[in-house]
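What follows is the content of final.cif (mmCIF, C-alpha atoms).
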data_coords
#
loop_
_atom_site.label_atom_id
_atom_site.label_comp_id
_atom_site.auth_asym_id
_atom_site.auth_seq_id
_atom_site.Cartn_x
_atom_site.Cartn_y
_atom_site.Cartn_z
CA MET A 1 -45.69 -128.26 141.28
CA MET A 2 -44.03 -125.62 139.08
CA ASP A 3 -41.39 -128.08 137.85
CA SER A 4 -44.12 -130.55 136.90
CA LEU A 5 -46.02 -127.86 134.99
CA VAL A 6 -42.88 -126.81 133.10
CA LYS A 7 -42.24 -130.43 132.10
CA GLN A 8 -45.81 -130.80 130.82
CA VAL A 9 -45.57 -127.61 128.76
CA ARG A 10 -42.25 -128.74 127.29
CA ALA A 11 -43.72 -132.14 126.44
CA VAL A 12 -46.69 -130.57 124.65
CA GLY A 13 -44.40 -128.14 122.82
CA GLY A 14 -42.15 -130.99 121.75
CA ASN A 15 -45.11 -132.91 120.32
CA VAL A 16 -46.27 -129.84 118.40
CA TYR A 17 -42.72 -129.29 117.16
CA ARG A 18 -42.45 -132.90 115.96
CA ARG A 19 -45.77 -132.63 114.12
CA HIS A 20 -44.56 -129.39 112.59
CA LEU A 21 -41.41 -131.12 111.37
CA ARG A 22 -43.38 -133.84 109.65
CA ARG A 23 -45.68 -131.33 107.95
CA ASP A 24 -43.36 -128.55 106.76
CA VAL A 25 -39.98 -128.62 105.05
CA PRO A 26 -37.50 -125.96 106.16
CA ILE A 27 -34.98 -124.78 103.57
CA LEU A 28 -31.97 -123.40 105.41
CA CYS A 29 -30.05 -120.50 103.87
CA LEU A 30 -26.37 -119.86 104.63
CA HIS A 31 -23.90 -117.50 103.01
CA ARG A 32 -20.29 -117.02 104.08
CA ILE A 33 -18.80 -119.34 106.70
CA ARG A 34 -17.20 -116.69 108.87
CA ASP A 35 -17.67 -115.19 112.29
CA VAL A 36 -18.46 -111.66 111.01
CA ASN A 37 -21.51 -111.20 108.78
CA GLY A 38 -22.12 -114.91 108.37
CA ALA A 39 -22.31 -118.21 110.21
CA GLY A 40 -18.96 -119.13 111.72
CA PRO A 41 -17.52 -122.65 111.85
CA ALA A 42 -18.90 -123.21 115.36
CA LYS A 43 -22.42 -122.19 114.32
CA LEU A 44 -22.16 -124.35 111.21
CA ALA A 45 -21.13 -127.37 113.31
CA GLU A 46 -24.01 -126.76 115.73
CA LEU A 47 -26.48 -126.50 112.86
CA LEU A 48 -25.26 -129.60 111.03
CA ASP A 49 -25.19 -131.65 114.24
CA HIS A 50 -28.83 -130.73 114.79
CA CYS A 51 -29.75 -131.60 111.19
CA ALA A 52 -27.95 -134.94 111.39
CA ASP A 53 -29.74 -135.79 114.64
CA ARG A 54 -33.28 -134.66 113.77
CA TYR A 55 -33.65 -134.51 109.98
CA GLN A 56 -33.18 -136.23 106.65
CA THR A 57 -31.50 -133.97 104.10
CA ILE A 58 -32.84 -133.72 100.56
CA THR A 59 -31.65 -131.36 97.85
CA LEU A 60 -33.65 -128.43 96.52
CA GLY A 61 -34.15 -130.26 93.22
CA GLU A 62 -35.40 -133.37 95.01
CA PHE A 63 -37.87 -131.24 96.95
CA ALA A 64 -39.06 -129.64 93.69
CA THR A 65 -39.62 -133.08 92.16
CA ILE A 66 -41.77 -134.03 95.16
CA LEU A 67 -43.77 -130.78 94.85
CA HIS A 68 -44.35 -131.19 91.11
CA ALA A 69 -45.38 -134.85 91.49
CA GLY A 70 -47.48 -134.34 94.61
CA ARG A 71 -45.68 -137.19 96.35
CA ALA A 72 -45.41 -137.66 100.10
CA LEU A 73 -42.50 -135.88 101.75
CA PRO A 74 -39.77 -137.82 103.55
CA ARG A 75 -40.17 -137.77 107.32
CA ASN A 76 -38.50 -134.72 108.88
CA ALA A 77 -37.01 -133.53 105.60
CA VAL A 78 -34.73 -130.49 105.47
CA VAL A 79 -32.94 -128.73 102.61
CA ILE A 80 -29.60 -127.02 103.28
CA THR A 81 -28.58 -124.30 100.82
CA PHE A 82 -25.40 -122.24 100.54
CA ASP A 83 -25.56 -119.03 98.48
CA ASP A 84 -22.91 -117.53 96.17
CA GLY A 85 -20.40 -120.39 95.89
CA THR A 86 -17.69 -118.74 98.00
CA ILE A 87 -14.48 -120.67 98.56
CA ASP A 88 -15.31 -121.39 102.22
CA HIS A 89 -18.20 -123.54 101.01
CA PHE A 90 -15.62 -125.91 99.53
CA THR A 91 -12.98 -125.68 102.25
CA LEU A 92 -15.23 -125.55 105.33
CA ALA A 93 -18.85 -126.45 104.57
CA ALA A 94 -18.25 -129.48 102.34
CA PRO A 95 -15.99 -131.34 104.83
CA ALA A 96 -18.44 -130.57 107.66
CA LEU A 97 -21.33 -131.97 105.59
CA ALA A 98 -19.34 -135.07 104.61
CA ALA A 99 -18.44 -135.80 108.23
CA ARG A 100 -22.15 -136.06 109.04
CA GLY A 101 -23.37 -137.70 105.85
CA LEU A 102 -25.45 -134.70 104.81
CA SER A 103 -26.19 -133.30 101.35
CA ALA A 104 -26.71 -129.67 100.35
CA THR A 105 -27.51 -127.40 97.43
CA PHE A 106 -24.86 -124.84 96.43
CA ALA A 107 -26.03 -121.73 94.55
CA LEU A 108 -23.28 -120.72 92.11
CA ILE A 109 -22.87 -117.37 90.33
CA GLY A 110 -22.38 -118.14 86.64
CA CYS A 111 -19.58 -115.68 85.82
CA THR A 112 -17.32 -117.17 88.50
CA LEU A 113 -17.18 -120.59 86.82
CA PHE A 114 -16.04 -120.22 83.20
CA GLU A 115 -15.19 -116.51 83.02
CA ARG A 116 -13.51 -116.54 86.44
CA ALA A 117 -14.89 -113.03 86.85
CA LEU A 118 -15.84 -111.33 90.09
CA PRO A 119 -19.52 -110.37 90.32
CA PRO A 120 -19.60 -106.55 90.62
CA LEU A 121 -21.47 -106.58 93.94
CA HIS A 122 -19.02 -108.97 95.60
CA ALA A 123 -16.06 -107.01 94.28
CA TYR A 124 -17.68 -103.86 95.70
CA MET A 125 -18.30 -105.44 99.09
CA HIS A 126 -14.70 -106.71 99.20
CA LEU A 127 -13.46 -103.14 98.64
CA ILE A 128 -15.77 -101.65 101.29
CA GLU A 129 -14.85 -104.26 103.89
CA THR A 130 -11.12 -103.98 103.15
CA ALA A 131 -11.19 -100.17 103.36
CA ALA A 132 -13.08 -100.06 106.68
CA GLY A 133 -12.07 -97.04 108.77
CA ARG A 134 -11.08 -94.86 105.83
CA SER A 135 -12.58 -91.75 104.26
CA PHE A 136 -12.37 -91.02 100.55
CA ARG A 137 -13.80 -88.91 97.76
CA PHE A 138 -15.37 -90.70 94.83
CA GLY A 139 -17.79 -90.20 91.99
CA PHE A 140 -18.53 -91.61 88.56
CA PRO A 141 -20.14 -88.87 86.44
CA PRO A 142 -22.70 -88.67 85.05
CA VAL A 143 -24.34 -91.54 86.97
CA LEU A 144 -22.85 -90.65 90.37
CA ALA A 145 -21.79 -87.17 91.44
CA GLU A 146 -18.46 -86.90 93.22
CA ARG A 147 -18.78 -86.70 97.01
CA ASP A 148 -17.05 -87.64 100.26
CA TRP A 149 -17.59 -91.11 101.71
CA ILE A 150 -16.78 -92.28 105.23
CA LEU A 151 -15.98 -95.90 106.06
CA ASP A 152 -16.13 -95.86 109.84
CA ALA A 153 -18.71 -98.19 111.39
CA ASP A 154 -21.67 -96.01 110.37
CA GLY A 155 -20.30 -95.11 106.96
CA LYS A 156 -19.58 -98.73 106.14
CA ARG A 157 -23.17 -99.64 106.94
CA VAL A 158 -24.38 -96.83 104.68
CA LEU A 159 -22.30 -98.05 101.75
CA LEU A 160 -23.48 -101.62 102.26
CA ALA A 161 -27.15 -100.64 102.59
CA ASP A 162 -29.49 -101.51 99.72
CA ASP A 163 -30.52 -97.88 99.25
CA CYS A 164 -26.97 -96.52 98.95
CA PRO A 165 -26.74 -94.89 95.47
CA LEU A 166 -23.29 -96.36 94.88
CA ARG A 167 -24.41 -99.84 95.82
CA ARG A 168 -27.58 -99.53 93.71
CA ILE A 169 -25.48 -98.89 90.60
CA VAL A 170 -23.42 -101.98 91.34
CA GLN A 171 -26.37 -104.12 92.38
CA ALA A 172 -29.02 -103.28 89.82
CA GLY A 173 -27.37 -101.24 87.08
CA ASP A 174 -25.99 -102.27 83.73
CA PRO A 175 -23.39 -105.04 84.32
CA ALA A 176 -20.70 -103.31 82.23
CA LEU A 177 -21.28 -100.01 84.03
CA ALA A 178 -21.22 -101.78 87.41
CA ALA A 179 -17.86 -103.39 86.57
CA ASP A 180 -16.42 -100.01 85.49
CA VAL A 181 -17.63 -98.33 88.69
CA VAL A 182 -16.07 -101.06 90.86
CA THR A 183 -12.77 -100.83 88.98
CA ALA A 184 -12.70 -97.06 89.44
CA LEU A 185 -13.53 -97.41 93.13
CA GLY A 186 -10.70 -99.88 93.62
CA GLU A 187 -8.28 -97.48 91.92
CA THR A 188 -9.48 -94.62 94.13
CA LEU A 189 -8.98 -96.70 97.27
CA GLY A 190 -5.69 -98.15 96.04
CA ILE A 191 -6.96 -101.67 96.68
CA PRO A 192 -6.40 -104.29 93.97
CA LEU A 193 -9.33 -106.53 93.23
CA PRO A 194 -8.68 -110.17 94.16
CA ASP A 195 -8.68 -113.04 91.71
CA ALA A 196 -12.02 -114.85 91.51
CA SER A 197 -10.40 -118.04 92.86
CA ASP A 198 -9.53 -116.17 96.06
CA LEU A 199 -13.22 -115.69 96.83
CA PHE A 200 -15.18 -118.28 94.83
CA VAL A 201 -15.00 -121.98 94.06
CA THR A 202 -13.47 -122.94 90.74
CA LEU A 203 -15.29 -125.03 88.16
CA ASP A 204 -13.30 -128.10 89.20
CA GLN A 205 -14.17 -127.52 92.85
CA ALA A 206 -17.85 -127.05 91.99
CA ARG A 207 -17.83 -130.31 90.05
CA ALA A 208 -16.13 -132.01 93.00
CA LEU A 209 -19.05 -130.87 95.20
CA VAL A 210 -21.47 -132.49 92.75
CA ASP A 211 -19.39 -135.67 92.63
CA ALA A 212 -19.62 -135.77 96.44
CA GLY A 213 -23.42 -135.91 96.25
CA HIS A 214 -24.29 -132.21 96.47
CA GLU A 215 -26.42 -130.24 94.04
CA PRO A 216 -25.58 -127.13 92.01
CA ALA A 217 -28.14 -124.36 91.59
CA GLY A 218 -28.25 -121.28 89.40
CA HIS A 219 -27.83 -117.93 91.15
CA SER A 220 -27.80 -115.60 88.12
CA LEU A 221 -24.89 -114.82 85.84
CA ARG A 222 -23.51 -111.81 87.74
CA HIS A 223 -25.71 -111.57 90.86
CA GLN A 224 -27.78 -108.72 89.46
CA ASP A 225 -31.13 -107.88 91.07
CA VAL A 226 -34.07 -109.61 89.33
CA ASP A 227 -36.21 -106.53 90.03
CA GLU A 228 -33.91 -104.19 88.13
CA PRO A 229 -35.75 -101.88 85.70
CA ASP A 230 -34.02 -103.33 82.61
CA ARG A 231 -35.94 -106.60 82.29
CA LYS A 232 -34.27 -107.48 78.96
CA THR A 233 -30.86 -107.48 80.64
CA TRP A 234 -32.18 -109.72 83.40
CA LEU A 235 -33.70 -112.18 80.90
CA ARG A 236 -30.40 -112.43 79.00
CA ASP A 237 -28.67 -113.02 82.33
CA LEU A 238 -31.19 -115.71 83.29
CA HIS A 239 -30.88 -117.72 80.08
CA ALA A 240 -27.09 -117.33 80.03
CA ASP A 241 -26.97 -118.61 83.59
CA PHE A 242 -28.99 -121.69 82.65
CA ASP A 243 -26.58 -122.33 79.76
CA VAL A 244 -23.63 -122.06 82.16
CA MET A 245 -25.25 -124.58 84.50
CA ASN A 246 -25.82 -127.00 81.62
CA ASP A 247 -22.28 -126.59 80.30
CA ALA A 248 -20.79 -127.07 83.75
CA PHE A 249 -22.95 -129.89 85.12
CA GLY A 250 -24.92 -131.39 82.25
CA ARG A 251 -28.36 -130.63 80.87
CA ARG A 252 -31.00 -131.08 83.54
CA PRO A 253 -33.76 -128.99 85.24
CA HIS A 254 -31.51 -127.14 87.71
CA PRO A 255 -32.88 -125.25 90.74
CA TYR A 256 -32.56 -121.47 90.90
CA ILE A 257 -31.96 -119.24 93.92
CA TYR A 258 -32.88 -115.59 93.53
CA PRO A 259 -30.03 -113.08 93.82
CA PHE A 260 -30.79 -111.05 96.96
CA GLY A 261 -33.42 -113.68 97.66
CA ARG A 262 -36.38 -111.70 96.48
CA THR A 263 -38.90 -111.43 93.70
CA ARG A 264 -41.95 -109.20 93.63
CA SER A 265 -43.50 -110.27 90.34
CA PRO A 266 -45.38 -113.50 89.53
CA ASP A 267 -44.17 -112.98 85.95
CA VAL A 268 -40.63 -113.68 87.20
CA HIS A 269 -41.69 -117.17 88.33
CA ALA A 270 -42.94 -117.99 84.83
CA ARG A 271 -39.78 -116.63 83.23
CA ILE A 272 -37.59 -118.80 85.44
CA ARG A 273 -39.70 -121.86 84.69
CA ASP A 274 -39.62 -121.13 80.95
CA ALA A 275 -35.83 -120.78 81.06
CA GLY A 276 -35.66 -124.41 82.20
CA PHE A 277 -35.17 -124.19 85.96
CA CYS A 278 -37.20 -126.64 88.08
CA CYS A 279 -37.86 -124.37 91.08
CA ALA A 280 -36.69 -121.17 92.75
CA ALA A 281 -36.00 -120.21 96.36
CA THR A 282 -36.34 -116.80 97.99
CA THR A 283 -35.17 -115.48 101.35
CA GLN A 284 -38.75 -114.93 102.51
CA TRP A 285 -38.74 -116.44 105.99
CA GLY A 286 -40.71 -119.63 106.49
CA ALA A 287 -41.00 -123.34 105.74
CA ASN A 288 -42.65 -125.14 102.83
CA ARG A 289 -45.14 -127.94 102.25
CA ARG A 290 -46.86 -129.80 99.44
CA GLY A 291 -49.01 -127.48 97.34
CA ASP A 292 -46.68 -124.46 97.66
CA ASP A 293 -45.44 -122.59 94.58
CA PRO A 294 -42.14 -124.28 93.58
CA PHE A 295 -40.88 -120.93 92.23
CA ALA A 296 -41.43 -118.97 95.45
CA LEU A 297 -40.00 -121.29 98.09
CA ARG A 298 -39.33 -119.82 101.52
CA ARG A 299 -36.08 -120.22 103.43
CA ILE A 300 -34.76 -119.76 106.96
CA GLY A 301 -31.67 -117.60 107.16
CA ILE A 302 -28.89 -118.94 109.39
CA ASP A 303 -26.12 -116.80 110.86
CA ASN A 304 -24.35 -116.48 114.19
CA ARG A 305 -27.44 -114.92 115.80
CA THR A 306 -29.83 -117.75 114.86
CA PRO A 307 -30.80 -120.09 117.72
CA ILE A 308 -30.43 -123.81 117.04
CA PRO A 309 -32.96 -125.31 116.78
CA TRP A 310 -34.53 -122.42 114.92
CA PRO A 311 -37.99 -121.33 116.13
CA PRO A 312 -40.92 -123.49 114.92
CA ILE A 313 -42.86 -122.06 112.00
CA TYR A 314 -46.65 -122.24 112.15
CA ARG A 315 -48.79 -121.46 109.10
#

Output the file's structure as structure tokens, nothing else.
Amino acid sequence: MMDSLVKQVRAVGGNVYRRHLRRDVPILCLHRIRDVNGAGPAKLAELLDHCADRYQTITLGEFATILHAGRALPRNAVVITFDDGTIDHFTLAAPALAARGLSATFALIGCTLFERALPPLHAYMHLIETAAGRSFRFGFPPVLAERDWILDADGKRVLLADDCPLRRIVQAGDPALAADVVTALGETLGIPLPDASDLFVTLDQARALVDAGHEPAGHSLRHQDVDEPDRKTWLRDLHADFDVMNDAFGRRPHPYIYPFGRTRSPDVHARIRDAGFCCAATTQWGANRRGDDPFALRRIGIDNRTPIPWPPIYR
């Protein structure tokens, strides 16, 4: 009796889940392909196997075109996005996608393509992760008073937290100041900053992804927070990033993925549209459907803790 009831419940749930898939479009969000603070190769394989079996992949730009035109969505559509353009996207994610015939959208940080410069935040995080277990004294007067920092498990979390004063300078401060702070921090720790090609795809590799059927997306020029107080700096960054995308991949209405995945101002949506981008994706959790704002698209974060299939989303 109980077994029969369980089977009936599962059958009903499966039907609801299938209807949900036809109605909503999940946009999956992945960052580094690694076992710590990311989705490891095994999780990536599990995810892509599920997508190949149950879904039809479309790119973020293709989804935006459907939203703008009000056309019907493909059956069981899914968008797969990779943020930041790290080198493992080229060496690990791209071959895994190709093996299953899937397409994806890769969000690329502008300064890593032509300048071959490290975004200040990623340089900072590289230093903090490399120096794990150490204690040090650091300051950058007048913006940051000198103090002791601890990089044991708790201290590392503090320095990586959004509200850490050191991270806030790097994340949302003036780009030139952020670069100077990171350089000084590296000198204090005695850790040389890596070359951009050690952490990020090159321009040639990014173009190879596009040639393989994937889509590039803007992700800001230096991964600065769009909600930083200096809106003029952000607007210059936004337009410069669109120019980089056009120079690298040809003039077209590219998608945009918010740095840090967030935006709190409707004005930001208009600014991104006016800059020439066709849509924008956040990290607000959820799926999407026809009629949604193309410049505030929701995504589903995927890491090693995420169950596959991910939980159904009801709206």

Resolved residues for the PyMOL selection byres ((chain A and resi 30) around 12) as number ranges by chain: A: 27-29, 31-34, 37-41, 43-44, 47-48, 79-86, 88-89, 93, 104-107, 261, 283, 299-304, 306

What is the distance between CA of Leu60 in chain A and CA of His269 in chain A, in Å to one decimal?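 One can read the CA of Leu60 in chain A to CA of His269 in chain A distance as 16.1 Å.
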
Report, in Å to a single decimal, how far apart CA of Asp274 in chain A and CA of Ala179 in chain A are. 28.6 Å

Hits of the PyMOL selection byres ((chain A and resi 233-247) around 6) in this structure, as JSON, numbers by chain: {"A": [110, 220, 221, 230, 231, 232, 248, 249, 250, 251, 275]}

Using all atoms listed in the file, I'd like a table of the residues in range 69-182 of chain A that come within 7 Å of range 197-213 of chain A; for each, show the closest atom pair and its distance in Å rounded to one decimal, ordered by chain and ascending number, as a Markdown table.
| residue | atom | partner | partner_atom | distance |
| --- | --- | --- | --- | --- |
| A:Gly85 | CA | A:Phe200 | CA | 5.7 |
| A:Thr86 | CA | A:Phe200 | CA | 4.1 |
| A:Ile87 | CA | A:Phe200 | CA | 4.5 |
| A:Phe90 | CA | A:Val201 | CA | 6.8 |
| A:Ser103 | CA | A:Gly213 | CA | 6.4 |
| A:Thr112 | CA | A:Phe200 | CA | 6.8 |
| A:Leu113 | CA | A:Leu203 | CA | 5.0 |
| A:Phe114 | CA | A:Leu203 | CA | 6.9 |

File output, range 96-111 of chain A (N, CA and C atoms) as a PDB file, in the first residue's frame:
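As a result, part_7.pdb now contains:
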ATOM      1  N   ALA A  96      33.794  19.379 -22.087  1.00  0.00           N
ATOM      2  CA  ALA A  96      32.647  18.660 -21.530  1.00  0.00           C
ATOM      3  C   ALA A  96      31.359  19.041 -22.264  1.00  0.00           C
ATOM      4  N   LEU A  97      31.219  20.304 -22.619  1.00  0.00           N
ATOM      5  CA  LEU A  97      30.053  20.743 -23.394  1.00  0.00           C
ATOM      6  C   LEU A  97      30.068  20.127 -24.790  1.00  0.00           C
ATOM      7  N   ALA A  98      31.232  20.142 -25.429  1.00  0.00           N
ATOM      8  CA  ALA A  98      31.347  19.609 -26.792  1.00  0.00           C
ATOM      9  C   ALA A  98      31.016  18.127 -26.841  1.00  0.00           C
ATOM     10  N   ALA A  99      31.427  17.388 -25.818  1.00  0.00           N
ATOM     11  CA  ALA A  99      31.179  15.947 -25.790  1.00  0.00           C
ATOM     12  C   ALA A  99      29.696  15.622 -25.748  1.00  0.00           C
ATOM     13  N   ARG A 100      28.888  16.580 -25.301  1.00  0.00           N
ATOM     14  CA  ARG A 100      27.441  16.345 -25.176  1.00  0.00           C
ATOM     15  C   ARG A 100      26.631  17.176 -26.157  1.00  0.00           C
ATOM     16  N   GLY A 101      27.306  17.926 -27.016  1.00  0.00           N
ATOM     17  CA  GLY A 101      26.602  18.740 -27.998  1.00  0.00           C
ATOM     18  C   GLY A 101      25.830  19.897 -27.406  1.00  0.00           C
ATOM     19  N   LEU A 102      26.339  20.479 -26.324  1.00  0.00           N
ATOM     20  CA  LEU A 102      25.653  21.567 -25.641  1.00  0.00           C
ATOM     21  C   LEU A 102      26.338  22.906 -25.921  1.00  0.00           C
ATOM     22  N   SER A 103      25.556  23.984 -25.872  1.00  0.00           N
ATOM     23  CA  SER A 103      26.107  25.330 -26.017  1.00  0.00           C
ATOM     24  C   SER A 103      25.992  26.062 -24.691  1.00  0.00           C
ATOM     25  N   ALA A 104      26.789  27.128 -24.528  1.00  0.00           N
ATOM     26  CA  ALA A 104      26.781  27.889 -23.284  1.00  0.00           C
ATOM     27  C   ALA A 104      27.128  29.336 -23.574  1.00  0.00           C
ATOM     28  N   THR A 105      26.891  30.177 -22.578  1.00  0.00           N
ATOM     29  CA  THR A 105      27.275  31.586 -22.631  1.00  0.00           C
ATOM     30  C   THR A 105      28.391  31.813 -21.618  1.00  0.00           C
ATOM     31  N   PHE A 106      29.484  32.425 -22.069  1.00  0.00           N
ATOM     32  CA  PHE A 106      30.652  32.666 -21.214  1.00  0.00           C
ATOM     33  C   PHE A 106      30.784  34.165 -20.951  1.00  0.00           C
ATOM     34  N   ALA A 107      30.649  34.564 -19.686  1.00  0.00           N
ATOM     35  CA  ALA A 107      30.780  35.964 -19.290  1.00  0.00           C
ATOM     36  C   ALA A 107      32.255  36.287 -19.104  1.00  0.00           C
ATOM     37  N   LEU A 108      32.749  37.254 -19.870  1.00  0.00           N
ATOM     38  CA  LEU A 108      34.178  37.567 -19.917  1.00  0.00           C
ATOM     39  C   LEU A 108      34.433  38.953 -19.342  1.00  0.00           C
ATOM     40  N   ILE A 109      35.454  39.085 -18.515  1.00  0.00           N
ATOM     41  CA  ILE A 109      35.835  40.367 -17.928  1.00  0.00           C
ATOM     42  C   ILE A 109      36.721  41.096 -18.933  1.00  0.00           C
ATOM     43  N   GLY A 110      36.310  42.303 -19.319  1.00  0.00           N
ATOM     44  CA  GLY A 110      36.937  42.998 -20.433  1.00  0.00           C
ATOM     45  C   GLY A 110      38.437  43.163 -20.336  1.00  0.00           C
ATOM     46  N   CYS A 111      38.952  43.534 -19.159  1.00  0.00           N
ATOM     47  CA  CYS A 111      40.382  43.845 -19.042  1.00  0.00           C
ATOM     48  C   CYS A 111      41.268  42.626 -19.237  1.00  0.00           C
TER      49      CYS A 111
END
